[in-house]
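J.: This is the structure, below, for whatever I ask next.
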There are 2 protein chains.
Amino acid sequence: MSPTLLQFDFPYDGPFGAAMTAAFDGLARDIAAEDGLIWKIWTENAETRRAGGVYLFRDAEAAERYRAKHAARLAAFGVTGIVAHAFDVNGPLSAITRAPL
Amino acid sequence: MSPTLLQFDFPYDGPFGAAMTAAFDGLARDIAAEDGLIWKIWTENAETRRAGGVYLFRDAEAAERYRAKHAARLAAFGVTGIVAHAFDVNGPLSAITRAPL
């Protein structure tokens with residue numbers, strides 16, 4: 001059982017910044033309780049109109065379960081063009097570069 | 001000055017796992033000393049034959065400087081099809097989901 005990194009990225013027209021925080025506070029609290037989630041970093045790019053997140057899950061199964069759930073949730077919001085990639089983490093190399101695993 | 005997340009992803013035929021660790025130990029020590037780098041997580045996906053990393057930089061300028069440097073280094077290694085995205089981090093939402101910023 002090794003940690004799995006999951007990355008989501010999709011077209012997003014806003015809101016960004018503080019308004020994004022207000023819009024997704026409830027969703028963030030729901031995601032924080034997700035089974036197997038270690039952490040999520042919320043990403044936004046107002047210039048390229050994209051948003052997403054980088055997640056660390058305790059294992060590949062938890063990452064895949066969330067990937068399917070979140071992709072369906074985004075699709076229900078009308079989001080298309082979703083990019084989602086899962087990766088194994090190389091622990092020793094990440095330790096050298098101070099990764100928070 | 002707010003942290004910037006940088007994500008690299010590219011086709012990669014290996015080595016993976018412990019052999020990848022051995023191959024890139026020196027590079028990891030060099031990257032650890034990169035100006036403005038807070039941390040890097042090293043990613044690998046033996047199934048889809050991709051590798052890359054997720055980086056947190058102290059600001060957009062440091063991230064862009066490294067993006068150009070690393071893209072040139074990968075190209076010199078013969079890597080093509082490089083995907084590199086920079087994102088702002090939504091701090092308050094990330095705090096709710098325990099992000100290590």
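Residue numbering restarts at 1 for every chain of the structure tokens, chains are lettered A, B, ... in their displayed order, and ligands are numbered from 1 as they appear.
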If we count only C-alpha atoms and set the cut-off at 6 Å, which residues sit around segment 26-41 of chain B, ignoring sequence neighbours fewer than 5 positions away in its own chain? Please answer as an mmCIF file with N, CA, C and O atoms, in the first residue's frame.

T.:
data_model
loop_
_atom_site.group_PDB
_atom_site.id
_atom_site.type_symbol
_atom_site.label_atom_id
_atom_site.label_comp_id
_atom_site.auth_asym_id
_atom_site.auth_seq_id
_atom_site.Cartn_x
_atom_site.Cartn_y
_atom_site.Cartn_z
ATOM 1 N N SER A 94 11.359 11.672 -3.779
ATOM 2 C CA SER A 94 10.532 12.742 -3.218
ATOM 3 C C SER A 94 11.055 13.190 -1.858
ATOM 4 O O SER A 94 10.978 14.374 -1.509
ATOM 5 N N THR A 97 13.702 15.767 -2.186
ATOM 6 C CA THR A 97 13.204 17.102 -2.540
ATOM 7 C C THR A 97 12.104 17.575 -1.572
ATOM 8 O O THR A 97 11.236 18.372 -1.953
ATOM 9 N N ARG A 98 12.173 17.073 -0.322
ATOM 10 C CA ARG A 98 11.349 17.588 0.788
ATOM 11 C C ARG A 98 9.836 17.439 0.588
ATOM 12 O O ARG A 98 9.045 18.258 1.070
ATOM 13 N N ALA A 99 9.413 16.393 -0.143
ATOM 14 C CA ALA A 99 7.978 16.235 -0.427
ATOM 15 C C ALA A 99 7.197 15.874 0.831
ATOM 16 O O ALA A 99 7.640 15.063 1.639
ATOM 17 N N GLY B 53 6.382 15.291 -12.253
ATOM 18 C CA GLY B 53 6.476 15.749 -10.886
ATOM 19 C C GLY B 53 5.483 16.856 -10.619
ATOM 20 O O GLY B 53 4.964 17.490 -11.531
ATOM 21 N N VAL B 54 5.205 17.021 -9.342
ATOM 22 C CA VAL B 54 4.397 18.139 -8.870
ATOM 23 C C VAL B 54 5.282 18.939 -7.931
ATOM 24 O O VAL B 54 5.876 18.379 -7.003
ATOM 25 N N TYR B 55 5.380 20.236 -8.200
ATOM 26 C CA TYR B 55 6.293 21.108 -7.476
ATOM 27 C C TYR B 55 5.523 22.240 -6.820
ATOM 28 O O TYR B 55 4.592 22.776 -7.406
ATOM 29 N N LEU B 56 5.968 22.644 -5.661
ATOM 30 C CA LEU B 56 5.475 23.883 -5.068
ATOM 31 C C LEU B 56 6.634 24.872 -5.026
ATOM 32 O O LEU B 56 7.701 24.568 -4.460
ATOM 33 N N PHE B 57 6.421 26.030 -5.656
ATOM 34 C CA PHE B 57 7.421 27.101 -5.658
ATOM 35 C C PHE B 57 6.907 28.275 -4.844
ATOM 36 O O PHE B 57 5.704 28.464 -4.692
ATOM 37 N N ARG B 58 7.819 29.085 -4.368
ATOM 38 C CA ARG B 58 7.420 30.188 -3.484
ATOM 39 C C ARG B 58 6.672 31.277 -4.236
ATOM 40 O O ARG B 58 5.898 32.020 -3.640
ATOM 41 N N ALA B 62 9.701 32.081 -9.752
ATOM 42 C CA ALA B 62 10.567 30.911 -9.528
ATOM 43 C C ALA B 62 10.040 29.707 -10.311
ATOM 44 O O ALA B 62 10.818 28.924 -10.876
#

J.: Neighbours of Glu47 of chain A within 12 Å (only C-alpha atoms; same-chain residues fewer than 4 positions away dropped), as a list in words?

T.: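 Counting only the stated atoms, we get Pro11, Tyr12, Asp13, Gly14, Phe16 and Ala51 of chain A; His85, Ala86, Phe87 and Asp88 of chain B.
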
J.: Output the selection as a compact mmCIF listing (two decimals), in the first residue's frame - N, CA and C atoms for each residue.

T.:
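Ended up saving to result_26.txt:
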# COMPACT_ATOMS: atom_id res chain seq x y z
N PRO A 11 -11.38 22.82 -17.78
CA PRO A 11 -11.77 24.19 -18.10
C PRO A 11 -12.73 24.72 -17.04
N TYR A 12 -12.53 25.98 -16.68
CA TYR A 12 -13.29 26.54 -15.55
C TYR A 12 -13.36 28.06 -15.73
N ASP A 13 -14.57 28.61 -15.72
CA ASP A 13 -14.73 30.04 -15.99
C ASP A 13 -14.82 30.90 -14.73
N GLY A 14 -14.55 30.33 -13.62
CA GLY A 14 -14.59 31.07 -12.37
C GLY A 14 -15.81 30.70 -11.56
N PHE A 16 -12.82 32.85 -9.28
CA PHE A 16 -11.46 32.59 -8.84
C PHE A 16 -11.20 33.30 -7.50
N ALA A 51 -9.03 25.01 -13.71
CA ALA A 51 -8.94 24.75 -12.28
C ALA A 51 -8.81 23.25 -12.09
N HIS B 85 2.14 22.62 -16.64
CA HIS B 85 1.12 23.59 -16.28
C HIS B 85 1.48 24.26 -14.96
N ALA B 86 1.26 25.56 -14.89
CA ALA B 86 1.44 26.29 -13.63
C ALA B 86 0.07 26.74 -13.14
N PHE B 87 -0.11 26.68 -11.84
CA PHE B 87 -1.38 27.06 -11.23
C PHE B 87 -1.16 27.90 -9.99
N ASP B 88 -2.07 28.84 -9.76
CA ASP B 88 -2.14 29.46 -8.46
C ASP B 88 -2.77 28.45 -7.50

J.: Per DSSP on the backbone, filter chain B down to the residues in alpha helix (DSSP H) and report them as JSON, numbers by chain.

T.: {"B": [17, 18, 19, 20, 21, 22, 23, 24, 25, 26, 27, 28, 29, 30, 31, 32, 60, 61, 62, 63, 64, 65, 66, 67, 68, 69, 70, 71, 72, 73, 74, 75, 76, 91, 92, 93, 94, 95, 96]}

J.: Now that the selection is made, can you save its residues with N, CA, C and O atoms as a compact mmCIF listing (two decimals), in the first residue's frame?

T.:
# COMPACT_ATOMS: atom_id res chain seq x y z
N GLY B 17 10.52 2.79 -10.25
CA GLY B 17 10.73 2.27 -8.90
C GLY B 17 12.16 2.46 -8.40
O GLY B 17 12.74 3.54 -8.55
N ALA B 18 12.72 1.39 -7.82
CA ALA B 18 14.04 1.50 -7.20
C ALA B 18 15.11 1.87 -8.23
O ALA B 18 16.04 2.62 -7.92
N ALA B 19 14.97 1.36 -9.45
CA ALA B 19 15.96 1.69 -10.49
C ALA B 19 15.86 3.17 -10.88
O ALA B 19 16.87 3.81 -11.18
N MET B 20 14.64 3.71 -10.83
CA MET B 20 14.47 5.14 -11.10
C MET B 20 15.13 5.96 -9.99
O MET B 20 15.78 6.98 -10.26
N THR B 21 14.95 5.51 -8.77
CA THR B 21 15.58 6.19 -7.64
C THR B 21 17.09 6.28 -7.84
O THR B 21 17.69 7.35 -7.69
N ALA B 22 17.70 5.14 -8.21
CA ALA B 22 19.15 5.10 -8.40
C ALA B 22 19.56 6.01 -9.56
O ALA B 22 20.58 6.72 -9.47
N ALA B 23 18.78 6.01 -10.63
CA ALA B 23 19.15 6.78 -11.82
C ALA B 23 19.10 8.28 -11.58
O ALA B 23 19.88 9.03 -12.17
N PHE B 24 18.20 8.72 -10.70
CA PHE B 24 17.98 10.17 -10.57
C PHE B 24 18.33 10.74 -9.20
O PHE B 24 17.95 11.87 -8.89
N ASP B 25 19.05 9.98 -8.42
CA ASP B 25 19.46 10.47 -7.10
C ASP B 25 20.23 11.80 -7.22
O ASP B 25 19.93 12.76 -6.50
N GLY B 26 21.16 11.87 -8.15
CA GLY B 26 21.95 13.10 -8.32
C GLY B 26 21.11 14.26 -8.79
O GLY B 26 21.25 15.39 -8.29
N LEU B 27 20.22 14.00 -9.72
CA LEU B 27 19.34 15.05 -10.22
C LEU B 27 18.43 15.56 -9.09
O LEU B 27 18.18 16.76 -8.97
N ALA B 28 17.95 14.62 -8.27
CA ALA B 28 17.06 15.02 -7.16
C ALA B 28 17.79 15.96 -6.20
O ALA B 28 17.23 16.95 -5.72
N ARG B 29 19.07 15.68 -5.93
CA ARG B 29 19.84 16.55 -5.03
C ARG B 29 20.06 17.93 -5.66
O ARG B 29 20.02 18.95 -4.96
N ASP B 30 20.24 17.94 -6.96
CA ASP B 30 20.37 19.22 -7.66
C ASP B 30 19.06 20.00 -7.60
O ASP B 30 19.05 21.21 -7.30
N ILE B 31 17.95 19.32 -7.85
CA ILE B 31 16.65 19.99 -7.85
C ILE B 31 16.31 20.49 -6.45
O ILE B 31 15.70 21.56 -6.28
N ALA B 32 16.72 19.74 -5.43
CA ALA B 32 16.43 20.14 -4.04
C ALA B 32 17.03 21.51 -3.72
O ALA B 32 16.52 22.24 -2.87
N ALA B 60 5.39 32.74 -8.63
CA ALA B 60 5.24 32.43 -10.05
C ALA B 60 6.54 32.59 -10.81
O ALA B 60 6.82 31.86 -11.76
N GLU B 61 7.38 33.55 -10.40
CA GLU B 61 8.64 33.80 -11.09
C GLU B 61 9.57 32.59 -10.95
O GLU B 61 10.20 32.16 -11.91
N ALA B 62 9.70 32.08 -9.75
CA ALA B 62 10.57 30.91 -9.53
C ALA B 62 10.04 29.71 -10.31
O ALA B 62 10.82 28.92 -10.88
N ALA B 63 8.71 29.54 -10.35
CA ALA B 63 8.13 28.41 -11.08
C ALA B 63 8.42 28.52 -12.57
O ALA B 63 8.78 27.54 -13.22
N GLU B 64 8.28 29.72 -13.12
CA GLU B 64 8.51 29.92 -14.55
C GLU B 64 9.99 29.72 -14.90
O GLU B 64 10.32 29.12 -15.93
N ARG B 65 10.87 30.20 -14.04
CA ARG B 65 12.30 30.02 -14.28
C ARG B 65 12.64 28.53 -14.33
O ARG B 65 13.35 28.06 -15.21
N TYR B 66 12.10 27.79 -13.38
CA TYR B 66 12.37 26.34 -13.34
C TYR B 66 11.71 25.63 -14.52
O TYR B 66 12.29 24.70 -15.09
N ARG B 67 10.49 26.05 -14.89
CA ARG B 67 9.79 25.40 -16.00
C ARG B 67 10.64 25.44 -17.26
O ARG B 67 10.82 24.43 -17.95
N ALA B 68 11.17 26.63 -17.56
CA ALA B 68 12.00 26.78 -18.75
C ALA B 68 13.27 25.93 -18.65
O ALA B 68 13.66 25.25 -19.61
N LYS B 69 13.90 25.94 -17.49
CA LYS B 69 15.14 25.18 -17.29
C LYS B 69 14.90 23.67 -17.41
O LYS B 69 15.65 22.96 -18.07
N HIS B 70 13.84 23.19 -16.77
CA HIS B 70 13.58 21.75 -16.75
C HIS B 70 13.10 21.27 -18.12
O HIS B 70 13.47 20.16 -18.55
N ALA B 71 12.30 22.08 -18.81
CA ALA B 71 11.84 21.70 -20.15
C ALA B 71 13.05 21.56 -21.09
O ALA B 71 13.12 20.62 -21.89
N ALA B 72 14.00 22.47 -20.97
CA ALA B 72 15.21 22.40 -21.80
C ALA B 72 16.04 21.16 -21.44
O ALA B 72 16.57 20.47 -22.33
N ARG B 73 16.13 20.85 -20.16
CA ARG B 73 16.89 19.67 -19.72
C ARG B 73 16.24 18.39 -20.24
O ARG B 73 16.93 17.49 -20.73
N LEU B 74 14.91 18.31 -20.13
CA LEU B 74 14.20 17.12 -20.62
C LEU B 74 14.38 16.99 -22.13
O LEU B 74 14.60 15.88 -22.65
N ALA B 75 14.28 18.11 -22.84
CA ALA B 75 14.45 18.07 -24.30
C ALA B 75 15.86 17.59 -24.65
O ALA B 75 16.04 16.82 -25.60
N ALA B 76 16.84 18.00 -23.86
CA ALA B 76 18.22 17.56 -24.10
C ALA B 76 18.36 16.05 -23.86
O ALA B 76 19.20 15.39 -24.46
N GLY B 91 -5.42 29.03 -1.26
CA GLY B 91 -4.95 28.71 0.08
C GLY B 91 -6.03 28.30 1.07
O GLY B 91 -5.90 27.27 1.73
N PRO B 92 -7.12 29.08 1.18
CA PRO B 92 -8.13 28.72 2.18
C PRO B 92 -8.81 27.37 1.90
O PRO B 92 -9.02 26.58 2.83
N LEU B 93 -9.14 27.10 0.63
CA LEU B 93 -9.74 25.79 0.32
C LEU B 93 -8.73 24.68 0.59
O LEU B 93 -9.08 23.61 1.13
N SER B 94 -7.48 24.92 0.23
CA SER B 94 -6.44 23.90 0.45
C SER B 94 -6.24 23.64 1.94
O SER B 94 -5.97 22.50 2.34
N ALA B 95 -6.39 24.68 2.74
CA ALA B 95 -6.24 24.51 4.20
C ALA B 95 -7.32 23.57 4.74
O ALA B 95 -7.06 22.75 5.62
N ILE B 96 -8.54 23.70 4.19
CA ILE B 96 -9.64 22.84 4.64
C ILE B 96 -9.33 21.37 4.34
O ILE B 96 -9.68 20.47 5.11

J.: Hey, which of B:Asp59, B:Ser2, B:Ala84, B:Ala46 ends up closest to chain A? Count only C-alpha atoms.

T.: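 Looking at the shortest contact to chain A, the residue is B:Ala46.
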
J.: Which value, in Å to one decimal, gives the distance between atom CA of Phe8 of chain A and atom CA of Val83 of chain A?

T.: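 One can read the atom CA of Phe8 of chain A to atom CA of Val83 of chain A distance as 5.7 Å.
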
J.: Can you check which residues of chain A DSSP gives as strand (DSSP E) on the backbone and send them as a PyMOL selection string?

T.: chain A and resi 4-11+37-45+50-57+83-89

J.: In Å to one decimal, how far is atom CA of Asn45 of chain A from atom CA of Val89 of chain B?

T.: 8.6 Å
